[in-house]
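Asker: Have a look at this one before I ask anything.
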Amino acid sequence: MSSLSQIKITLFQKKDDIFRGHEFHYTKLQIEKNLINDVNFALDIQRGRGIINNHDGISIGNTLASYLHIHACSCPNFAYNFTNNIIEL
């Protein structure tokens, strides 16, 4: 089980929220070295490995791409945040 903290607001969590999930790494994401500073990560992996350097959740606009499968029960405000943010879209 991975432990994560939110480093950017997303549809389901607020910044600095901590939650749990598990990672599936059947592939490896290749990011060009000259572009790594331009990647906007939303998650800081406290236990696990993430995409690169313990970061996961590439965020572009309102889309979040991640190896993490979130355990929604570890996110007390998951449903509330998600439905409220969807309404605002």
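Each chain in the structure tokens gets a letter, A, B, ..., in the order shown, and its residues are numbered from 1; ligands are numbered from 1 in order too.
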Considering only C-alpha atoms, return as a PyMOL selection string whatever protein or nucleic-acid residues lie within 8 Å of A:Asp56, sequence-local ones (same chain, fewer than 4 positions apart) excluded.
Answerer: chain A and resi 41-45+50-52+66-68
Asker: Next, the residues of the selection above should be written as a PDB file, in the first residue's frame with C-alpha atoms.
Answerer:
ATOM      1  CA  PHE A  41       3.112  16.364 -10.747  1.00  0.00           C
ATOM      2  CA  ALA A  42       0.123  16.380  -8.375  1.00  0.00           C
ATOM      3  CA  LEU A  43       1.180  13.626  -5.950  1.00  0.00           C
ATOM      4  CA  ASP A  44       4.150  13.136  -3.655  1.00  0.00           C
ATOM      5  CA  ILE A  45       4.625   9.434  -2.878  1.00  0.00           C
ATOM      6  CA  GLY A  50       5.770   6.944  -8.277  1.00  0.00           C
ATOM      7  CA  ILE A  51       6.585   7.828 -11.872  1.00  0.00           C
ATOM      8  CA  ILE A  52       9.921   9.477 -11.102  1.00  0.00           C
ATOM      9  CA  SER A  66      -1.179   8.229 -12.496  1.00  0.00           C
ATOM     10  CA  TYR A  67       0.084   4.733 -11.740  1.00  0.00           C
ATOM     11  CA  LEU A  68      -1.750   5.039  -8.443  1.00  0.00           C
TER      12      LEU A  68
END
Asker: Please report, as a PyMOL selection string, each residue of chain A to which DSSP assigns strand (DSSP E or B) when run on this structure's backbone.
Answerer: chain A and resi 2-6+18-23+41-47+52+55-60+63-65+68-70
Asker: What is the atom CA of A:Val39-atom CA of A:Thr27 distance in Å, reported with one decimal?
Answerer: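 Taking atom CA of A:Val39 and atom CA of A:Thr27, their separation equals 18.3 Å.
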Asker: Report the residues of chain A whose backbone DSSP state falls under helix (DSSP H, G or I), written as a list in words.
Answerer: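 Helix (DSSP H, G or I) members of chain A, listed: Lys33, Asn34, Leu35, Ile36, Asn37, Asp38, Ala72, Cys73, Ser74, Phe78, Ala79, Tyr80, Asn81, Phe82, Thr83, Asn84, Asn85, Ile86, Ile87 and Glu88 of chain A.
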Asker: Just write the chosen residues, C-alpha atoms, as a JSON list (two decimals), in the first residue's frame.
Answerer:
[["chain", "number", "residue", "atom", "x", "y", "z"],
["A", 33, "LYS", "CA", 15.53, 14.91, -19.43],
["A", 34, "ASN", "CA", 15.09, 18.36, -20.94],
["A", 35, "LEU", "CA", 11.31, 18.21, -20.26],
["A", 36, "ILE", "CA", 11.32, 16.84, -16.69],
["A", 37, "ASN", "CA", 11.12, 20.31, -15.13],
["A", 38, "ASP", "CA", 8.03, 21.06, -17.23],
["A", 72, "ALA", "CA", -11.27, 6.04, -1.82],
["A", 73, "CYS", "CA", -12.02, 4.99, 1.77],
["A", 74, "SER", "CA", -8.70, 6.55, 2.82],
["A", 78, "PHE", "CA", -13.23, 12.02, -1.93],
["A", 79, "ALA", "CA", -16.89, 11.84, -3.01],
["A", 80, "TYR", "CA", -17.74, 15.33, -1.77],
["A", 81, "ASN", "CA", -14.73, 16.97, -3.46],
["A", 82, "PHE", "CA", -15.18, 15.01, -6.68],
["A", 83, "THR", "CA", -18.89, 15.77, -7.11],
["A", 84, "ASN", "CA", -18.47, 19.45, -6.20],
["A", 85, "ASN", "CA", -15.55, 19.87, -8.60],
["A", 86, "ILE", "CA", -17.38, 18.06, -11.42],
["A", 87, "ILE", "CA", -20.35, 20.40, -11.00],
["A", 88, "GLU", "CA", -18.00, 23.39, -11.39]]
Asker: I'd like the interatomic distance between atom CA of A:Ser59 and atom CA of A:Tyr26, to a tenth of an Å.
Answerer: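 Here the two named atoms are 20.4 Å from each other.
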